[in-house]
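Asks: Compact mmCIF, C-alpha atoms, file my_file09.txt:
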```txt
# COMPACT_ATOMS: atom_id res chain seq x y z
CA MET A 1 65.71 36.49 28.73
CA LYS A 2 64.67 33.19 30.31
CA ASN A 3 67.29 33.64 32.99
CA LYS A 4 65.87 37.05 33.81
CA LYS A 5 62.39 35.63 34.27
CA LEU A 6 63.67 32.85 36.45
CA GLN A 7 65.64 35.37 38.48
CA PHE A 8 62.51 37.47 38.92
CA ILE A 9 60.44 34.50 40.11
CA LEU A 10 63.18 33.48 42.54
CA LEU A 11 63.48 37.05 43.83
CA PHE A 12 59.72 37.28 44.20
CA LEU A 13 59.51 34.00 46.09
CA THR A 14 62.39 35.06 48.33
CA ILE A 15 60.62 38.32 49.17
CA ILE A 16 57.44 36.43 50.06
CA ILE A 17 59.29 33.93 52.23
CA VAL A 18 61.27 36.70 53.96
CA THR A 19 58.01 38.57 54.64
CA VAL A 20 56.47 35.45 56.20
CA ILE A 21 59.56 34.89 58.37
CA LEU A 22 59.60 38.56 59.44
CA HIS A 23 55.93 38.22 60.41
CA TYR A 24 56.56 35.21 62.62
CA VAL A 25 59.62 36.89 64.17
CA GLY A 26 57.42 39.91 64.91
CA LEU A 27 59.40 42.50 62.98
CA LEU A 28 56.40 43.48 60.88
CA ASN A 29 54.14 44.20 63.86
CA PHE A 30 54.53 47.94 63.44
CA PHE A 31 53.31 47.90 59.82
CA GLU A 32 50.62 45.32 60.49
CA ASN A 33 49.19 47.36 63.37
CA LYS A 34 49.19 50.48 61.21
CA ILE A 35 47.24 48.63 58.51
CA ARG A 36 44.80 47.25 61.07
CA ARG A 37 44.30 50.69 62.54
CA VAL A 38 43.08 51.86 59.15
CA ILE A 39 41.01 48.82 58.18
CA ASN A 40 39.47 47.71 61.50
CA PRO A 41 37.11 50.68 61.96
CA VAL A 42 35.84 50.22 58.40
CA SER A 43 35.49 46.47 58.96
CA THR A 44 33.51 47.06 62.19
CA GLU A 45 31.18 49.49 60.42
CA LEU A 46 30.70 47.07 57.54
CA TYR A 47 29.94 44.26 59.97
CA THR A 48 27.29 46.42 61.70
CA VAL A 49 25.75 47.25 58.32
CA SER A 50 25.80 43.59 57.28
CA MET A 51 24.02 42.62 60.52
CA GLN A 52 21.33 45.20 59.89
CA ILE A 53 20.89 43.95 56.32
CA HIS A 54 20.84 40.27 57.23
CA ASP A 55 18.63 40.71 60.31
CA LYS A 56 15.39 39.00 59.34
CA THR A 57 13.71 39.24 62.74
CA LEU A 58 11.79 42.38 61.88
CA ASP A 59 10.77 41.42 58.35
CA PHE A 60 7.02 40.98 58.18
CA GLU A 61 5.38 40.65 54.83
CA SER A 62 1.85 41.33 56.06
CA LEU A 63 -0.18 42.30 59.11
CA SER A 64 -1.26 38.69 59.61
CA ASP A 65 2.43 37.65 59.74
CA LEU A 66 2.99 40.18 62.50
CA GLN A 67 -0.08 38.94 64.41
CA THR A 68 1.07 35.32 64.07
CA ALA A 69 4.52 36.24 65.33
CA TYR A 70 2.98 38.12 68.27
CA LYS A 71 0.80 35.14 69.23
CA GLU A 72 3.80 32.84 68.96
CA LEU A 73 5.75 35.12 71.25
CA LEU A 74 2.91 35.16 73.80
CA ASN A 75 2.85 31.36 73.80
CA ARG A 76 6.60 31.25 74.17
CA GLN A 77 6.41 33.72 77.06
CA GLN A 78 4.02 31.35 78.88
CA ASP A 79 6.40 28.47 78.26
CA TYR A 80 9.28 30.53 79.59
CA ASP A 81 7.35 31.41 82.77
CA LEU A 82 6.72 27.71 83.33
CA ILE A 83 10.34 26.81 82.64
CA HIS A 84 11.50 29.63 84.90
CA THR A 85 9.49 28.21 87.81
CA GLN A 86 10.79 24.71 87.13
CA ILE A 87 14.36 26.02 86.95
CA GLY A 88 13.90 27.67 90.36
CA LEU A 89 12.85 24.32 91.88
CA LEU A 90 15.61 22.41 90.13
CA LYS A 91 18.19 24.98 91.17
CA GLY A 92 17.36 24.40 94.82
CA GLU A 93 17.50 20.64 94.37
CA ASN A 94 20.73 20.91 92.46
CA GLU A 95 22.39 23.04 95.11
CA GLN A 96 21.46 20.51 97.82
CA LEU A 97 22.76 17.62 95.71
CA LYS A 98 26.01 19.45 95.05
CA GLN A 99 26.52 20.09 98.74
CA GLN A 100 25.77 16.46 99.53
CA LEU A 101 28.13 15.11 96.94
CA ASN A 102 30.71 17.73 97.70
CA PHE A 103 31.02 18.60 94.05
CA LEU A 104 33.40 21.30 93.07
CA GLN A 105 31.43 23.95 91.35
CA LYS A 106 33.42 24.88 88.29
CA THR A 107 31.46 27.72 86.88
CA ASP A 108 33.72 30.61 87.74
CA TYR A 109 35.37 30.98 84.39
CA GLU A 110 37.73 33.83 83.88
CA TYR A 111 36.59 35.53 80.72
CA LYS A 112 37.08 38.63 78.62
CA SER A 113 34.35 40.27 76.59
CA ALA A 114 35.20 41.11 73.03
CA GLN A 115 33.58 42.96 70.20
CA VAL A 116 33.16 41.28 66.84
CA ILE A 117 34.87 43.51 64.29
CA GLY A 118 34.63 41.43 61.16
CA LEU A 119 33.75 38.23 59.39
CA ASN A 120 35.70 35.79 57.28
CA VAL A 121 37.54 37.33 54.36
CA GLU A 122 37.96 34.00 52.57
CA PRO A 123 34.77 32.33 51.34
CA VAL A 124 36.17 28.88 52.16
CA GLY A 125 36.11 29.37 55.94
CA ASN A 126 33.65 30.52 58.61
CA THR A 127 35.60 32.79 60.88
CA MET A 128 35.11 35.95 62.89
CA LEU A 129 37.43 38.69 63.91
CA ILE A 130 37.39 39.99 67.50
CA ASN A 131 39.14 42.94 69.09
CA LEU A 132 41.11 41.04 71.74
CA GLY A 133 44.52 39.52 71.24
CA LYS A 134 47.75 38.42 72.90
CA ASN A 135 47.97 41.64 74.90
CA GLN A 136 44.65 40.84 76.57
CA GLY A 137 45.60 37.24 77.38
CA VAL A 138 43.90 35.50 74.47
CA GLU A 139 45.53 32.27 73.28
CA VAL A 140 44.96 29.84 70.44
CA GLY A 141 42.45 27.15 71.35
CA GLN A 142 40.45 29.16 73.88
CA PRO A 143 36.68 28.86 73.55
CA VAL A 144 34.46 31.76 72.63
CA ILE A 145 30.91 31.95 73.92
CA ALA A 146 27.86 34.06 73.17
CA GLY A 147 24.46 34.45 74.75
CA GLU A 148 24.03 32.40 77.90
CA GLY A 149 27.07 30.23 77.60
CA TYR A 150 26.69 28.98 74.05
CA LEU A 151 29.96 27.90 72.51
CA ILE A 152 30.27 29.59 69.13
CA GLY A 153 33.87 28.80 68.25
CA LYS A 154 37.52 28.56 69.17
CA VAL A 155 40.37 31.01 68.75
CA VAL A 156 42.61 29.89 65.87
CA ARG A 157 44.90 32.82 65.36
CA VAL A 158 46.05 35.51 67.76
CA GLU A 159 47.68 38.83 66.97
CA ASP A 160 48.65 41.60 69.42
CA ASN A 161 45.23 43.19 69.71
CA GLN A 162 42.92 41.02 67.65
CA SER A 163 42.14 37.37 67.09
CA VAL A 164 40.46 35.17 64.56
CA LEU A 165 37.96 32.63 65.86
CA ARG A 166 36.75 29.62 63.91
CA LEU A 167 33.00 29.17 64.21
CA ILE A 168 31.75 25.75 65.25
CA TYR A 169 30.04 25.18 61.92
CA ASP A 170 33.26 25.73 59.96
CA ASN A 171 34.41 22.62 58.14
CA GLN A 172 37.66 22.55 60.12
CA SER A 173 36.01 22.86 63.51
CA ALA A 174 36.01 19.92 65.96
CA VAL A 175 34.99 20.06 69.62
CA ALA A 176 34.91 17.25 72.19
CA ALA A 177 31.37 17.12 73.56
CA THR A 178 29.00 15.12 75.69
CA VAL A 179 25.24 14.60 75.52
CA LEU A 180 23.19 15.32 78.61
CA ASN A 181 21.53 11.89 78.61
CA THR A 182 21.64 9.11 81.17
CA GLU A 183 24.88 7.66 79.77
CA GLY A 184 26.57 11.01 79.24
CA SER A 185 27.49 9.96 75.70
CA MET A 186 30.75 11.36 74.42
CA GLY A 187 31.52 12.39 70.88
CA VAL A 188 33.08 14.98 68.63
CA VAL A 189 31.08 17.90 67.28
CA GLU A 190 32.18 18.79 63.77
CA GLY A 191 31.20 21.51 61.32
CA GLY A 192 31.07 21.62 57.55
CA PHE A 193 27.34 21.00 57.12
CA GLY A 194 25.97 24.46 56.50
CA LEU A 195 24.65 26.16 59.61
CA SER A 196 24.17 22.94 61.55
CA VAL A 197 26.82 20.79 63.20
CA ARG A 198 27.15 17.05 63.62
CA MET A 199 28.16 15.06 66.63
CA ASN A 200 30.06 11.99 65.54
CA LEU A 201 31.60 9.00 67.32
CA ILE A 202 28.70 8.44 69.73
CA PRO A 203 28.75 4.75 70.72
CA GLN A 204 25.97 2.78 69.04
CA ASN A 205 24.66 1.23 72.26
CA GLU A 206 23.94 4.54 73.99
CA SER A 207 20.55 6.15 73.66
CA ILE A 208 20.33 9.72 72.46
CA SER A 209 17.15 11.49 71.54
CA VAL A 210 15.93 14.63 69.84
CA GLY A 211 15.93 17.58 72.20
CA ASP A 212 18.88 16.40 74.31
CA SER A 213 21.34 19.16 75.10
CA VAL A 214 24.98 18.81 74.15
CA ILE A 215 27.72 20.45 76.16
CA THR A 216 31.51 20.53 75.97
CA SER A 217 33.01 17.47 77.63
CA GLY A 218 35.98 19.20 79.19
CA LEU A 219 38.36 16.64 77.70
CA GLU A 220 39.93 19.20 75.45
CA ASP A 221 42.73 21.47 76.57
CA LYS A 222 41.54 25.02 77.42
CA ILE A 223 37.86 24.15 76.92
CA PRO A 224 36.01 23.68 80.22
CA ARG A 225 33.14 21.27 80.67
CA GLY A 226 29.63 22.64 80.50
CA LEU A 227 29.58 25.13 77.64
CA ILE A 228 26.41 24.62 75.63
CA VAL A 229 27.10 23.41 72.10
CA GLY A 230 23.49 22.96 70.99
CA THR A 231 20.51 20.66 71.05
CA ILE A 232 19.98 17.46 69.10
CA GLN A 233 17.72 17.94 66.08
CA ALA A 234 17.96 14.47 64.55
CA THR A 235 19.82 11.22 65.08
CA GLU A 236 21.40 8.93 62.50
CA LYS A 237 21.83 5.33 63.55
CA GLU A 238 22.80 2.47 61.26
CA SER A 239 23.03 -0.97 62.78
CA TYR A 240 26.18 -2.03 60.94
CA LYS A 241 28.20 0.96 62.13
CA PRO A 242 29.94 1.10 65.52
CA PHE A 243 29.00 4.73 66.07
CA GLN A 244 25.89 6.81 65.64
CA ARG A 245 25.60 10.48 64.73
CA ALA A 246 23.44 13.39 65.79
CA ILE A 247 22.63 16.60 63.98
CA LEU A 248 22.76 19.56 66.33
CA LEU A 249 21.32 23.01 66.20
CA PRO A 250 23.94 25.40 67.58
CA TYR A 251 23.34 28.91 68.91
CA HIS A 252 20.86 30.41 66.50
CA GLN A 253 22.50 33.82 66.21
CA ILE A 254 26.11 32.83 65.60
CA GLY A 255 26.33 34.95 62.49
CA ASN A 256 24.75 37.97 64.15
CA VAL A 257 26.59 38.48 67.42
CA HIS A 258 28.13 41.77 68.43
CA ILE A 259 29.64 40.88 71.77
CA VAL A 260 31.26 37.55 72.63
CA SER A 261 33.28 36.30 75.59
CA VAL A 262 36.60 34.51 75.40
CA ILE A 263 37.14 32.09 78.26
CA ILE A 264 40.68 32.72 79.38
CA SER A 265 40.86 30.04 82.08
CA MET B 1 44.65 49.57 47.35
CA PHE B 2 42.70 50.02 50.57
CA PHE B 3 39.67 50.76 48.44
CA ILE B 4 39.98 47.36 46.73
CA ILE B 5 40.30 45.62 50.11
CA ILE B 6 37.26 47.47 51.44
CA LEU B 7 35.31 46.52 48.30
CA HIS B 8 36.34 42.89 48.86
CA PHE B 9 35.15 43.09 52.47
CA CYS B 10 31.88 44.71 51.31
CA SER B 11 31.16 41.84 48.93
CA LEU B 12 31.87 39.26 51.66
CA TYR B 13 29.99 40.99 54.48
CA ILE B 14 27.03 42.52 52.74
CA LEU B 15 26.13 40.35 49.77
CA PRO B 16 23.92 37.37 50.56
CA TYR B 17 24.98 33.79 49.91
CA PRO B 18 26.01 32.74 47.25
CA PHE B 19 26.65 36.22 45.79
CA ASP B 20 29.25 36.80 48.51
CA HIS B 21 31.58 34.53 46.56
CA LEU B 22 32.26 37.36 44.12
CA ASN B 23 36.05 37.67 44.30
CA VAL B 24 36.72 41.39 44.02
CA LEU B 25 40.48 40.90 44.25
CA PHE B 26 40.70 38.66 41.20
CA LEU B 27 38.24 40.84 39.34
CA PHE B 28 40.65 43.70 39.96
CA PHE B 29 43.77 41.67 39.10
CA VAL B 30 42.46 40.26 35.84
CA SER B 31 40.92 43.58 34.81
CA SER B 32 44.22 45.32 35.49
CA ILE B 33 46.20 42.71 33.57
CA TYR B 34 43.75 42.82 30.68
CA TRP B 35 43.37 46.56 30.33
CA VAL B 36 46.59 47.98 31.71
CA GLY B 37 48.87 45.04 30.96
CA SER B 38 51.54 46.05 33.43
CA GLY B 39 53.55 43.53 35.44
CA ARG B 40 53.33 45.86 38.44
CA ILE B 41 50.05 44.11 39.28
CA VAL B 42 52.13 41.28 40.78
CA TRP B 43 53.54 43.66 43.41
CA ILE B 44 50.11 45.14 44.04
CA ALA B 45 48.82 41.59 44.53
CA PHE B 46 51.62 40.99 47.02
CA ILE B 47 50.54 44.01 49.10
CA LEU B 48 46.83 43.21 48.85
CA PHE B 49 47.30 39.60 49.89
CA PHE B 50 49.54 40.74 52.73
CA ILE B 51 46.68 42.91 54.03
CA LEU B 52 44.14 40.11 53.48
CA GLU B 53 46.44 37.71 55.31
CA LEU B 54 46.03 39.80 58.47
CA TYR B 55 42.32 38.95 58.54
CA THR B 56 42.18 35.25 57.72
CA GLY B 57 42.09 32.19 59.91
CA THR B 58 44.50 30.24 57.73
CA PRO B 59 48.15 30.01 58.80
CA PHE B 60 50.03 33.20 57.95
CA GLY B 61 51.87 32.82 54.66
CA LEU B 62 49.40 30.62 52.83
CA LEU B 63 47.51 33.37 50.99
CA LEU B 64 50.61 35.52 50.69
CA LEU B 65 52.35 32.74 48.81
CA ILE B 66 49.56 31.46 46.61
CA GLY B 67 47.83 34.76 45.81
CA PRO B 68 50.68 36.65 44.14
CA MET B 69 51.91 33.42 42.48
CA SER B 70 48.45 32.95 40.91
CA VAL B 71 48.51 36.54 39.68
CA LEU B 72 52.02 36.04 38.30
CA PHE B 73 50.81 32.94 36.48
CA SER B 74 47.79 34.88 35.13
CA TYR B 75 50.09 37.60 33.85
CA TRP B 76 52.25 34.99 32.15
CA LEU B 77 49.14 33.44 30.56
CA PHE B 78 48.03 36.85 29.35
CA MET B 79 51.40 37.56 27.77
CA TYR B 80 51.97 34.20 26.08
CA LEU B 81 48.72 32.24 25.83
CA PHE B 82 45.61 34.44 25.82
CA THR B 83 47.04 36.82 23.29
CA ASN B 84 44.02 37.66 21.16
CA ARG B 85 42.65 40.17 23.71
CA SER B 86 39.02 39.22 23.19
CA ILE B 87 36.33 39.03 25.85
CA PHE B 88 36.51 35.23 25.69
CA ALA B 89 40.22 35.38 26.40
CA ALA B 90 39.55 37.68 29.36
CA ILE B 91 36.89 35.37 30.82
CA GLY B 92 39.14 32.36 30.21
CA LEU B 93 41.99 34.15 31.95
CA LEU B 94 39.76 35.01 34.90
CA ILE B 95 38.52 31.46 35.33
CA ILE B 96 41.98 29.94 34.97
CA SER B 97 43.36 32.47 37.47
CA LEU B 98 40.69 31.52 40.01
CA ALA B 99 41.25 27.82 39.34
CA THR B 100 45.00 28.28 39.86
CA TYR B 101 44.35 30.20 43.07
CA ARG B 102 42.01 27.56 44.47
CA GLY B 103 44.25 24.72 43.27
CA LEU B 104 47.24 26.28 45.00
CA TYR B 105 45.05 26.93 48.05
CA LEU B 106 44.25 23.24 48.22
CA LEU B 107 47.91 22.34 47.76
CA GLY B 108 48.91 24.89 50.41
CA LEU B 109 46.42 23.46 52.89
CA PHE B 110 47.77 19.99 52.15
CA VAL B 111 51.33 21.13 52.87
CA PHE B 112 50.30 23.03 56.03
CA SER B 113 48.33 19.99 57.24
CA PHE B 114 51.67 18.28 57.95
CA PHE B 115 52.49 20.98 60.51
CA GLN B 116 49.06 21.94 61.82
CA ASP B 117 45.76 20.23 62.46
CA ILE B 118 43.92 21.18 59.27
CA SER B 119 41.11 19.23 57.65
CA ILE B 120 40.77 19.64 53.90
CA SER B 121 37.45 19.56 52.12
CA ILE B 122 38.02 19.26 48.38
CA ILE B 123 34.28 19.46 47.70
CA LEU B 124 33.93 22.70 49.65
CA ILE B 125 36.86 24.26 47.80
CA PHE B 126 35.46 23.08 44.46
CA VAL B 127 32.00 24.49 45.24
CA THR B 128 33.60 27.77 46.35
CA PHE B 129 35.56 27.91 43.10
CA CYS B 130 32.40 27.30 41.03
CA TRP B 131 30.50 30.12 42.75
CA GLU B 132 33.52 32.41 42.51
CA ALA B 133 33.98 31.69 38.82
CA LEU B 134 30.28 32.25 38.14
CA PHE B 135 29.79 35.52 40.01
CA THR B 136 33.21 37.00 39.28
CA GLY B 137 32.80 36.08 35.61
CA LEU B 138 29.32 37.61 35.45
CA THR B 139 30.50 40.80 37.13
CA PHE B 140 33.42 40.96 34.71
CA LEU B 141 30.99 40.64 31.79
CA LEU B 142 28.81 43.40 33.23
CA LEU B 143 31.76 45.72 33.74
CA TYR B 144 33.40 44.87 30.41
CA PRO B 145 31.64 47.54 28.28
CA LEU B 146 32.37 50.18 30.92
CA PHE B 147 36.06 49.33 31.16
CA GLN B 148 36.29 48.94 27.40
CA LYS B 149 35.06 52.50 26.98
CA PHE B 150 37.26 53.89 29.72
CA PHE B 151 40.48 52.11 28.83
CA ARG B 152 40.21 52.11 25.05
CA ASN B 153 42.70 54.95 24.67
CA LYS B 154 44.84 53.96 27.59
CA ARG B 155 45.79 50.56 26.27
CA ILE B 156 48.15 52.15 23.76
CA GLN B 157 50.90 52.10 26.32
CA PHE B 158 50.79 48.32 26.41
CA PHE B 159 50.62 47.72 22.68
CA GLN B 160 53.56 49.95 21.81
```
Could you render the structure from this file as structure tokens?
Replies:
Amino acid sequence: MKNKKLQFILLFLTIIIVTVILHYVGLLNFFENKIRRVINPVSTELYTVSMQIHDKTLDFESLSDLQTAYKELLNRQQDYDLIHTQIGLLKGENEQLKQQLNFLQKTDYEYKSAQVIGLNVEPVGNTMLINLGKNQGVEVGQPVIAGEGYLIGKVVRVEDNQSVLRLIYDNQSAVAATVLNTEGSMGVVEGGFGLSVRMNLIPQNESISVGDSVITSGLEDKIPRGLIVGTIQATEKESYKPFQRAILLPYHQIGNVHIVSVIIS
Amino acid sequence: MFFIIILHFCSLYILPYPFDHLNVLFLFFVSSIYWVGSGRIVWIAFILFFILELYTGTPFGLLLLIGPMSVLFSYWLFMYLFTNRSIFAAIGLLIISLATYRGLYLLGLFVFSFFQDISISIILIFVTFCWEALFTGLTFLLLYPLFQKFFRNKRIQFFQ
């Protein structure tokens, strides 16, 4: 009787291990794609529904709330107009400086747009599922951006026609970044702190301040310099430690994006 | 089986935090073990975790190994330890199953961390387990009278 049970467990384990090996060899692709073909449309629909449910931008409890929001938007619009004018001036200046310094303008990323078709299916992680995979040139480690160049995560697993990306606020996420301050402070942006991220390993003697932008440093393979990681919300500096930390606010709509871009090269 | 997976996705996508920690898969496994009592659930778990594995960011094989093994362990517990078939036994079985699953998950991550760059957060996994145990347990309690009524006559097969 005991032998039978042991035999069953061994058989069961063998089947699991064989399945895993067959997956890595690629012999299960046919079945896996069939399963995905059934589940992906449902997952996409569910994701759309979840976005509609979790979208709080149109929730107003009273008329005064709506009026306040409207006034806030008007103020913001004025700020944007001002910023827009300033950006125009700075752009001109920047172009001249670039020409003078003969800088190589590295902004022509090759990218592929992808649709988000699902969220994490394990509560431990913060991942997203996108509809691009190996066949479209996606590789593990490539950055994924949303909005106007905001880094939202990195590809961690690639299948034929879909990939899993790890969001930057996932506890396993780590991105080499630099602060746009006078020193160009380097550090590592790590997740695992709710919806915010932390930038660690910033040298103690460098000055960082609230509101500074943080971009990717370009020191990491496949991740170009200049992708926006977020802005500094708070700094943590203790005199006895060699490094200081900063709490960053990443792209505010990470959990509610429909379309993202994977930077291929 | 697809229905169970879709239900699991629904709970994760649609329910707000922390209710999204309701583990539909283990609710299904433990309910099936408790009311149907068939060992076939281990094979069903194998298929369900295979499907789930296609949608996770963890290295392929982790969930496929630990999921069915946890269910197998739960079935063994049901057969030889939680034998009085009371609601307390069922809740105990559910919580121990989830604890086994998360414990093996932690162990699996530890093993995989030798081959891949994986950081392990014991606190995060513990917090996840606590929420899972709470909401899955509560849902089980809510569904208990319904299942009890439905399966009362169908349990004969197991007791014979």
Asks: Please identify all residues of chain A having at least one atom at most 10 Å from any atom of chain B, considering all atoms listed in the file, and return them as a PyMOL selection string.
Replies: chain A and resi 9+12-13+15-17+19-21+23-24+32-33+35-36+38-40+42-43+46-54+118-129+155-159+162-166+171-174+192
Asks: Could you tell me which of B:Arg40, B:Cys130, B:Leu25, B:Lys149 comes closest to Ala99 (chain B) if we count all atoms listed in the file?
Replies: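 The shortest atom-to-atom distance to Ala99 (chain B) comes from B:Cys130.
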Asks: Considering all atoms listed in the file, return as a PyMOL selection string whatever protein or nucleic-acid residues lie within 12 Å of Gln148 (chain B), sequence-local ones (same chain, fewer than 5 positions apart) excluded.
Replies: chain B and resi 31-32+34-36+85-87+90+140-143+153-155
Asks: Counting only C-alpha atoms, which residue out of A:Asp160, A:Ile259, A:Glu110, A:Lys154 sits closest to Asn29 (chain A)?
Replies: A:Asp160
Asks: Take CA of Leu63 (chain A) and CA of Gln78 (chain A) and report the distance between them in Å, one decimal.
Replies: 23.0 Å
Asks: How many Å lie between CA of Phe193 (chain A) and CA of Tyr169 (chain A), rounded to one decimal?
Replies: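 Atom-to-atom, CA of Phe193 (chain A) to CA of Tyr169 (chain A), that is 6.9 Å.
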Asks: Can you tell me how far CA of Gly108 (chain B) sits from CA of Val188 (chain A), in Å to one decimal?
Replies: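 Atom-to-atom, CA of Gly108 (chain B) and CA of Val188 (chain A) are spaced 26.1 Å apart.
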Asks: Hey, what's within 8 Å of Phe29 (chain B) if we count all atoms listed in the file and toss same-chain stuff fewer than 4 positions away? As JSON, numbers by chain, please?
Replies: {"B": [25, 33, 41, 45, 71]}
Asks: Atoms to include: C-alpha atoms. Write the selected residues as a JSON list (two decimals), in the frame of the given file.
Replies:
```json
[["chain", "number", "residue", "atom", "x", "y", "z"],
["B", 25, "LEU", "CA", 40.48, 40.90, 44.25],
["B", 33, "ILE", "CA", 46.20, 42.71, 33.57],
["B", 41, "ILE", "CA", 50.05, 44.11, 39.28],
["B", 45, "ALA", "CA", 48.82, 41.59, 44.53],
["B", 71, "VAL", "CA", 48.51, 36.54, 39.68]]
```
Asks: So, counting all atoms listed in the file, which residue among A:Lys222, A:Leu27, A:Gly88, A:Val116 is closest to Glu45 (chain A)?
Replies: A:Val116
Asks: Neighbouring residues of Asn135 (chain A) were defined as those with any atom within 8 Å, considering only C-alpha atoms; residues of the same chain fewer than 2 positions away were excluded. Please report them as a PyMOL selection string.
Replies: chain A and resi 132-133+137-138+160-161
Asks: With distances taken over all atoms listed in the file, which of A:Pro242, A:Glu236, A:Ile264, A:Asn181 is nearest to Val140 (chain A)?
Replies: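 Answer, going by the shortest atom-to-atom distance: A:Ile264.
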Asks: Would you list the contacts of Pro250 (chain A) as a PyMOL selection string, taking every protein, DNA or RNA residue within 10 Å and counting all atoms listed in the file, but skipping same-chain residues closer than 3 positions in sequence?
Replies: chain A and resi 150-152+168-169+195-198+214+228-233+247+253-254
Asks: Smallest atom-to-atom distance to Gly67 (chain B): which of B:Gly92, B:Gly39, B:Met79, B:Phe26, using only C-alpha atoms?
Replies: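 For Gly67 (chain B), the nearest of the candidates is B:Phe26.
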